[in-house]
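Accompanying notes for the structure given below.
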Amino acid sequence: MQGAATRYISSFIIEFLSDFMCFALELNDVTVEEVAILCLVAAESTREIRKDPFVMKNFGNEDFVFPETERPTVSIKVIHTRLNMSRETTRRKVADLVDRGFLKRGKRGVYLPPQTGDQDYTKELRTFLVRKLEVLNAYRDKIPD
C-alpha cells in the first residue's frame with residue numbers, strides 16, 4: 001500500500017464509523033457501550049457468514065437467516081476484555097441487552113439472535129451499512145493512481 005491515500009481513506013472510515021454510531025444510538029435507544037457490545041457480539045455471532053463460502057451463499061442475503069443453533073456465543077470475559085470494561089459493568093449491560101431482546105443467552109455466553117420479521121432491529125442498520133459501503137467504493141474510485 002505504499003503511496004496509498006491513507007489519510008483520505010482513514011478520514012472516510014472514521015466518518016463512516018461515527019455516522020454508524022450516531023445512527024445506531026438514535027435508532028435503538030442504546031448507549032455507546034451497548035452499541036460496542038452489540039457490534040462485538042454481532043461480529044462474532046455471524047463470523048461464519050464471512051468465512052465459509054457455503055454459509056455466505058445460503059445465509060448472507062435477506063432470504064434466510066443464519067441458524068440460531070450455529071451462532072457462536074461470546075463470553076462476558078471476551079466482551080469486557082476486548083472493550084476494556086469492568087466485568088461487573090459488562091455483566092449488567094449484557095443482562096439488560098438480553099432482557100430487552102437485543103441479545104440471547106447461549107451455553108457459554110451471548111449471541112445475536114436471528115433477525116426476522118418484526119423482530120429485526122438490524123435491517124435499517126444493515127441497509128445503512130450497505131449504502132455507506134457504496135459511498136466508500138465511490139470515494140475509492142476517485143483516488144488517483
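Identifiers for the C-alpha cells are assigned positionally: chains receive A, B, ... in sequence, residues are indexed from 1 per chain, and ligands are indexed from 1 in the order shown.
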(Q) I want to know what sits within 12 Å of Val65 (chain A), based on only C-alpha atoms, with residues of the same chain fewer than 4 positions away left out; could you give that as a list in words? (A)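 Listing them by chain and then by number gives Ser45, Thr46, Ile49, Val55, Met56, Lys57, Asn58, Phe59, Gly60, Asn61, Thr69, Glu70, Arg71, Leu112, Pro113, Pro114, Gln115, Thr116, Gly117, Asp120 and Lys123 of chain A.
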Selection file, C-alpha atoms, as an mmCIF file, in the first residue's frame:
data_model
loop_
_atom_site.group_PDB
_atom_site.id
_atom_site.type_symbol
_atom_site.label_atom_id
_atom_site.label_comp_id
_atom_site.auth_asym_id
_atom_site.auth_seq_id
_atom_site.Cartn_x
_atom_site.Cartn_y
_atom_site.Cartn_z
ATOM 1 C CA SER A 45 -22.134 -14.480 16.135
ATOM 2 C CA THR A 46 -22.151 -14.077 12.359
ATOM 3 C CA ILE A 49 -21.080 -15.841 7.083
ATOM 4 C CA VAL A 55 -22.739 -20.262 4.698
ATOM 5 C CA MET A 56 -22.217 -16.945 2.872
ATOM 6 C CA LYS A 57 -24.082 -18.206 -0.198
ATOM 7 C CA ASN A 58 -27.011 -19.574 1.820
ATOM 8 C CA PHE A 59 -27.300 -17.081 4.672
ATOM 9 C CA GLY A 60 -25.536 -13.903 3.508
ATOM 10 C CA ASN A 61 -28.616 -12.380 1.900
ATOM 11 C CA THR A 69 -28.067 -23.159 16.726
ATOM 12 C CA GLU A 70 -24.971 -22.393 14.622
ATOM 13 C CA ARG A 71 -24.213 -18.976 16.063
ATOM 14 C CA LEU A 112 -27.069 -12.010 18.295
ATOM 15 C CA PRO A 113 -30.433 -13.647 17.694
ATOM 16 C CA PRO A 114 -31.546 -14.213 14.108
ATOM 17 C CA GLN A 115 -33.184 -11.081 12.761
ATOM 18 C CA THR A 116 -36.519 -11.731 11.058
ATOM 19 C CA GLY A 117 -39.880 -10.038 10.588
ATOM 20 C CA ASP A 120 -35.493 -7.443 13.007
ATOM 21 C CA LYS A 123 -32.455 -4.278 8.899
#
Write down as an mmCIF file with N, CA and C atoms, in the first residue's frame the residues belonging to chain A that are assigned strand (DSSP E or B) by DSSP computed on the backbone.
data_model
loop_
_atom_site.group_PDB
_atom_site.id
_atom_site.type_symbol
_atom_site.label_atom_id
_atom_site.label_comp_id
_atom_site.auth_asym_id
_atom_site.auth_seq_id
_atom_site.Cartn_x
_atom_site.Cartn_y
_atom_site.Cartn_z
ATOM 1 N N VAL A 74 -20.491 -15.431 22.712
ATOM 2 C CA VAL A 74 -19.380 -14.598 23.156
ATOM 3 C C VAL A 74 -19.499 -14.483 24.675
ATOM 4 N N LYS A 104 -29.301 -12.866 22.990
ATOM 5 C CA LYS A 104 -29.834 -14.079 23.613
ATOM 6 C C LYS A 104 -28.704 -14.794 24.336
ATOM 7 N N ARG A 105 -29.077 -15.512 25.372
ATOM 8 C CA ARG A 105 -28.102 -16.312 26.113
ATOM 9 C C ARG A 105 -27.924 -17.674 25.451
ATOM 10 N N VAL A 110 -23.351 -15.042 25.123
ATOM 11 C CA VAL A 110 -24.491 -14.454 24.434
ATOM 12 C C VAL A 110 -24.229 -14.424 22.931
ATOM 13 N N TYR A 111 -25.299 -14.290 22.172
ATOM 14 C CA TYR A 111 -25.170 -14.199 20.724
ATOM 15 C C TYR A 111 -26.267 -13.290 20.192
#
Q.
Counting only C-alpha atoms, which residue out of A:Ile37, A:Ala43, A:Ile9, A:Leu25 sits closest to Asn84 (chain A)?
A.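 When distances to Asn84 (chain A) are compared using only C-alpha atoms, the smallest one comes from A:Ile37.
The closest residue to Val94 (chain A), picked from A:Phe66, A:Met21, A:Asp141, A:Ala36 and counting only C-alpha atoms, is A:Ala36.
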Q | Residues flagged helix (DSSP H, G or I) by DSSP in region 16-145 of chain A, as an NGL selection string | A | :A and (16-28 or 32-45 or 47-51 or 53-59 or 68-70 or 76-82 or 87-99 or 117-119 or 123-141)
Q) Which of these, A:Asp96, A:Pro72, A:Glu26, A:Thr127, has the shortest distance to Arg47 (chain A) once you count only C-alpha atoms? A)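 Smallest separation from Arg47 (chain A) among the options: A:Pro72.
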(Q) Just checking: using only C-alpha atoms, which residue out of A:Phe102, A:Phe12, A:Phe54, A:Phe20 ends up closest to Leu38 (chain A)? (A)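 Nearest candidate to Leu38 (chain A) out of A:Phe102, A:Phe12, A:Phe54, A:Phe20: A:Phe102.
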Give me the residues of region 6-125 of chain A that have any atom at most 12 Å from an atom of region 134-140 of chain A; for each, the nearest atom pair and the distance in Å, rounded to one decimal. Use only C-alpha atoms, sort by chain and number, and format it as a Markdown table.
| residue | atom | partner | partner_atom | distance |
| --- | --- | --- | --- | --- |
| A:Thr6 | CA | A:Arg140 | CA | 10.8 |
| A:Tyr8 | CA | A:Tyr139 | CA | 9.0 |
| A:Ile9 | CA | A:Arg140 | CA | 7.5 |
| A:Ser10 | CA | A:Leu136 | CA | 10.7 |
| A:Ser11 | CA | A:Leu136 | CA | 10.8 |
| A:Phe12 | CA | A:Leu136 | CA | 7.2 |
| A:Ile13 | CA | A:Leu136 | CA | 8.0 |
| A:Ile14 | CA | A:Leu136 | CA | 11.3 |
| A:Glu15 | CA | A:Leu136 | CA | 10.4 |
| A:Phe16 | CA | A:Leu136 | CA | 8.5 |
| A:Leu17 | CA | A:Leu136 | CA | 11.8 |
Got time to write the residues from that selection, C-alpha atoms, as a short mmCIF file (atom, residue, chain, number, x, y, z; two decimals), in the first residue's frame?
data_model
loop_
_atom_site.label_atom_id
_atom_site.label_comp_id
_atom_site.auth_asym_id
_atom_site.auth_seq_id
_atom_site.Cartn_x
_atom_site.Cartn_y
_atom_site.Cartn_z
CA THR A 6 -4.20 6.59 3.78
CA TYR A 8 -8.10 10.18 2.67
CA ILE A 9 -9.29 6.61 3.24
CA SER A 10 -8.93 6.88 7.03
CA SER A 11 -10.94 10.10 7.11
CA PHE A 12 -13.79 8.41 5.30
CA ILE A 13 -13.70 5.31 7.52
CA ILE A 14 -13.76 7.46 10.65
CA GLU A 15 -16.75 9.37 9.26
CA PHE A 16 -18.37 6.01 8.42
CA LEU A 17 -17.90 4.72 11.98
#
**Q.** Distance criterion (only C-alpha atoms): nearest to Ala42 (chain A) out of A:Ile76, A:Val98, A:Met85, A:Leu103
**A.**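 Comparing A:Ile76, A:Val98, A:Met85, A:Leu103 against Ala42 (chain A), the winner is A:Leu103.
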